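Comments concern the structure below.
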Amino acid sequence: MAHSLTERDDTRVAVVCRWVMSSDPKQQLRIQRFMVAAINYGIFGGLLCYMAATGRVAQSAALQLIAFMVLSETTIYVLLRGGFTQNWNDPSLTLPQILLALAAAIWSYAILGESRGAALILLALTLTFGMFNLPPRATRQAAVFALTLLGATMIGLHLSNPTRHPASQEVIHFLFACTSLPTISLLSAQLAELRHRLETRKRELTEALDRIQTLATRDELTGLFNRRHMTETLHAQRALTERTGQPFCLALIDLDHFKQINDAHGHGVGDEVLRQFADIARHSLRETDVLARWGGEEFLLVLPASQLPSARTSLDRLHEAVRRSHLAPTVPALDVRFSAGLTEQRPGEPLEATIERADLALYEAKRQGRDQTVTG
């Protein structure tokens, strides 16, 4: 009973989370980042309430700033949660959030009185947060916005109350902001460059790993799987057959008179024949069939979930496709065919024995005149 209650509670929590955060992973990430900022707004709002209650800040001024923060955060959340920003250049609304936070920090500077110097720290923290989420140009724009609005606010404070806001003190505060905010913008550019280098190296590493994987599993000439990968595929297919009882067939394929093609026309034409055969086979066989270059002009074909009659149909279809095609476009008169030995893997039979039977069947196909498939 307790276990069922726990499961129901977990389900309710999951439903609430999806309702608040959205079921879209990208939207969830954006809203999670927004929630971090919203929590900081909540903490700052609580501090404002405390300062208003203790007489350090005028209650009306504190309530106005809190109302501004609630309205701005509600607007941002509605835009994010409603999915209105998904096709925008900045779907997370990072720059607008930073600008609103800077405006709130400067507003707090205007109302905090003797404690207003702390607001300059909020400015630096806000821009530092933006440094990790904004491109350098946007960070510079945010810094210029903050300095301009702060300078205008300081001038207004001094003009309205020169005694409480002496020019010398406001100049010192402004110089502090002029020192810290541009420095953060400079660090943002360096951080962006570092991110770019890391992304470039990550992309290059991924491409290198893909090339290594291709070299490890693919035949360079034909693009088919190589012998090593086919061996792994055969063991996996045999294990699947033992678990499910679903049979599979394999065929050894050899291009007829391939040595004569190389001797008469050169290895370039021979390579052309191998590539053309591989391409024809890819288009003629089923998507589930696996073809590998086994060695030289020999190929190994695995036909999953097949018995001899259906596998024989696949080989006949490949025969017809090869007969209708020119495997050496540079030598149109060259007529290439292939022979194949086809067999079905028997329960409990070692793979080596299955391949050996296919090889014997291939030998028989050649002995009977080539250009045919013999089962064994």
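By order in the structure tokens, chains are A, B, ...; within a chain, residues start at 1; ligands start at 1, following the order shown.
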
Enumerate, as a PyMOL selection string, the complete set of residues in stretch 69-315 of chain A that a backbone-based DSSP assignment places in alpha helix (DSSP H). chain A and resi 69-81+94-111+117-131+136-160+167-217+227-244+258-265+267-284+308-315

Exercise: stretch 362-371 of chain A partners within 6 Å, only C-alpha atoms, chain neighbours under 2 positions left out, as a ChimeraX atom specification: /A:337-341,359-360,374

Suppose you want the space between atom CA of A:Thr163 and atom CA of A:Met51; what is it in Å? 22.1 Å

A:Lys259: which residues within 9 Å, counting only C-alpha atoms, same-chain residues fewer than 4 positions away excluded, as a PDB file with N, CA, C and O atoms, in the first residue's frame?
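Below you can see result_26.pdb, which holds the result:
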```pdb
ATOM      1  N   ASP A 263      44.438  -9.216 -65.578  1.00  0.00           N
ATOM      2  CA  ASP A 263      45.555  -9.448 -66.494  1.00  0.00           C
ATOM      3  C   ASP A 263      45.341  -8.758 -67.836  1.00  0.00           C
ATOM      4  O   ASP A 263      46.280  -8.200 -68.429  1.00  0.00           O
ATOM      5  N   ALA A 264      44.090  -8.755 -68.306  1.00  0.00           N
ATOM      6  CA  ALA A 264      43.813  -8.222 -69.642  1.00  0.00           C
ATOM      7  C   ALA A 264      43.621  -6.708 -69.646  1.00  0.00           C
ATOM      8  O   ALA A 264      44.000  -6.024 -70.614  1.00  0.00           O
ATOM      9  N   GLY A 270      39.852  -3.703 -62.788  1.00  0.00           N
ATOM     10  CA  GLY A 270      39.438  -4.664 -61.755  1.00  0.00           C
ATOM     11  C   GLY A 270      38.815  -3.972 -60.554  1.00  0.00           C
ATOM     12  O   GLY A 270      37.783  -4.411 -60.031  1.00  0.00           O
ATOM     13  N   GLU A 297      38.412 -10.865 -54.818  1.00  0.00           N
ATOM     14  CA  GLU A 297      37.151 -10.719 -55.534  1.00  0.00           C
ATOM     15  C   GLU A 297      36.035 -11.530 -54.882  1.00  0.00           C
ATOM     16  O   GLU A 297      34.994 -11.787 -55.481  1.00  0.00           O
TER      17      GLU A 297
END
```

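The smallest atom-to-atom distance between A:Asp335 and any of A:Phe299, A:Phe258, A:Trp88, A:Tyr77, using only C-alpha atoms, is found for A:Phe258.
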
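Excluding A:Ala152 itself and same-chain residues fewer than 3 positions from it, the residues having an atom within 12 Å of it are Ala103, Ile106, Trp107, Tyr109, Ala110, Phe145, Ala146, Leu147, Thr148, Leu149, Ile155, Gly156, Leu157, His158, Leu159, Glu170, Val171 and Phe174 of chain A, counting only C-alpha atoms.
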
Dump of N, CA and C atoms for the selected residues, as an mmCIF file, in the first residue's frame:
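Dumped everything to result12.cif:
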```
data_model
loop_
_atom_site.group_PDB
_atom_site.id
_atom_site.type_symbol
_atom_site.label_atom_id
_atom_site.label_comp_id
_atom_site.auth_asym_id
_atom_site.auth_seq_id
_atom_site.Cartn_x
_atom_site.Cartn_y
_atom_site.Cartn_z
ATOM 1 N N ALA A 103 18.810 46.301 -15.251
ATOM 2 C CA ALA A 103 17.919 47.410 -14.920
ATOM 3 C C ALA A 103 17.453 47.330 -13.473
ATOM 4 N N ILE A 106 20.321 48.389 -11.189
ATOM 5 C CA ILE A 106 20.511 49.848 -11.193
ATOM 6 C C ILE A 106 19.359 50.537 -10.455
ATOM 7 N N TRP A 107 18.152 49.991 -10.600
ATOM 8 C CA TRP A 107 17.007 50.512 -9.847
ATOM 9 C C TRP A 107 17.268 50.384 -8.352
ATOM 10 N N TYR A 109 20.131 50.336 -6.968
ATOM 11 C CA TYR A 109 21.152 51.326 -6.627
ATOM 12 C C TYR A 109 20.491 52.664 -6.294
ATOM 13 N N ALA A 110 19.430 52.986 -7.024
ATOM 14 C CA ALA A 110 18.769 54.282 -6.831
ATOM 15 C C ALA A 110 18.000 54.361 -5.521
ATOM 16 N N PHE A 145 24.878 49.177 -22.099
ATOM 17 C CA PHE A 145 23.554 49.480 -21.557
ATOM 18 C C PHE A 145 23.637 49.773 -20.061
ATOM 19 N N ALA A 146 24.379 48.905 -19.325
ATOM 20 C CA ALA A 146 24.479 49.072 -17.873
ATOM 21 C C ALA A 146 25.190 50.373 -17.513
ATOM 22 N N LEU A 147 26.296 50.670 -18.180
ATOM 23 C CA LEU A 147 27.045 51.891 -17.871
ATOM 24 C C LEU A 147 26.237 53.139 -18.216
ATOM 25 N N THR A 148 25.544 53.096 -19.348
ATOM 26 C CA THR A 148 24.735 54.261 -19.746
ATOM 27 C C THR A 148 23.609 54.518 -18.760
ATOM 28 N N LEU A 149 22.874 53.445 -18.419
ATOM 29 C CA LEU A 149 21.755 53.602 -17.491
ATOM 30 C C LEU A 149 22.250 53.971 -16.093
ATOM 31 N N ILE A 155 23.579 60.665 -12.282
ATOM 32 C CA ILE A 155 23.388 62.104 -12.518
ATOM 33 C C ILE A 155 22.046 62.564 -11.950
ATOM 34 N N GLY A 156 21.019 61.759 -12.184
ATOM 35 C CA GLY A 156 19.705 62.108 -11.672
ATOM 36 C C GLY A 156 19.666 62.142 -10.152
ATOM 37 N N LEU A 157 20.332 61.179 -9.514
ATOM 38 C CA LEU A 157 20.370 61.150 -8.046
ATOM 39 C C LEU A 157 21.103 62.376 -7.495
ATOM 40 N N HIS A 158 22.211 62.721 -8.121
ATOM 41 C CA HIS A 158 22.974 63.873 -7.633
ATOM 42 C C HIS A 158 22.191 65.174 -7.807
ATOM 43 N N LEU A 159 21.548 65.288 -8.967
ATOM 44 C CA LEU A 159 20.791 66.524 -9.205
ATOM 45 C C LEU A 159 19.586 66.635 -8.267
ATOM 46 N N GLU A 170 29.544 59.504 -6.319
ATOM 47 C CA GLU A 170 28.945 58.906 -7.506
ATOM 48 C C GLU A 170 30.001 58.660 -8.586
ATOM 49 N N VAL A 171 30.967 59.590 -8.671
ATOM 50 C CA VAL A 171 32.043 59.397 -9.641
ATOM 51 C C VAL A 171 32.866 58.163 -9.291
ATOM 52 N N PHE A 174 30.912 55.164 -10.237
ATOM 53 C CA PHE A 174 30.855 55.008 -11.686
ATOM 54 C C PHE A 174 32.185 54.495 -12.236
#
```

Could you give me, as JSON, numbers by chain, the residues within 7 Å of stretch 228-234 of chain A, counting only C-alpha atoms and dropping anything in the same chain fewer than 3 positions from it? {"A": [217, 225, 237, 238, 292]}

Measure the distance from atom CA of A:Gly113 to atom CA of A:Thr74 in Å and round it to one decimal. 27.9 Å

Exercise: stretch 62-70 of chain A partners within 8 Å, only C-alpha atoms, chain neighbours under 3 positions left out, as a ChimeraX atom specification: /A:41,45,48-49,52,57-59,73-74,104,107-108,111

Using only C-alpha atoms, please write the residues we just selected to a file, as a CSV table (one decimal), in the first residue's frame.
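Full text of result39.csv as output:
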```
chain,number,residue,atom,x,y,z
A,41,TYR,CA,15.0,37.4,-7.8
A,45,GLY,CA,12.9,40.5,-3.2
A,48,LEU,CA,14.1,44.3,-0.1
A,49,CYS,CA,11.0,43.4,2.0
A,52,ALA,CA,11.6,48.1,3.8
A,57,VAL,CA,14.3,51.5,2.1
A,58,ALA,CA,11.1,53.3,1.4
A,59,GLN,CA,8.3,50.8,1.3
A,73,GLU,CA,9.9,37.3,-14.7
A,74,THR,CA,6.3,36.4,-15.4
A,104,ALA,CA,16.7,45.9,-11.6
A,107,TRP,CA,17.0,50.5,-9.8
A,108,SER,CA,18.1,49.0,-6.5
A,111,ILE,CA,16.7,53.3,-3.8
```
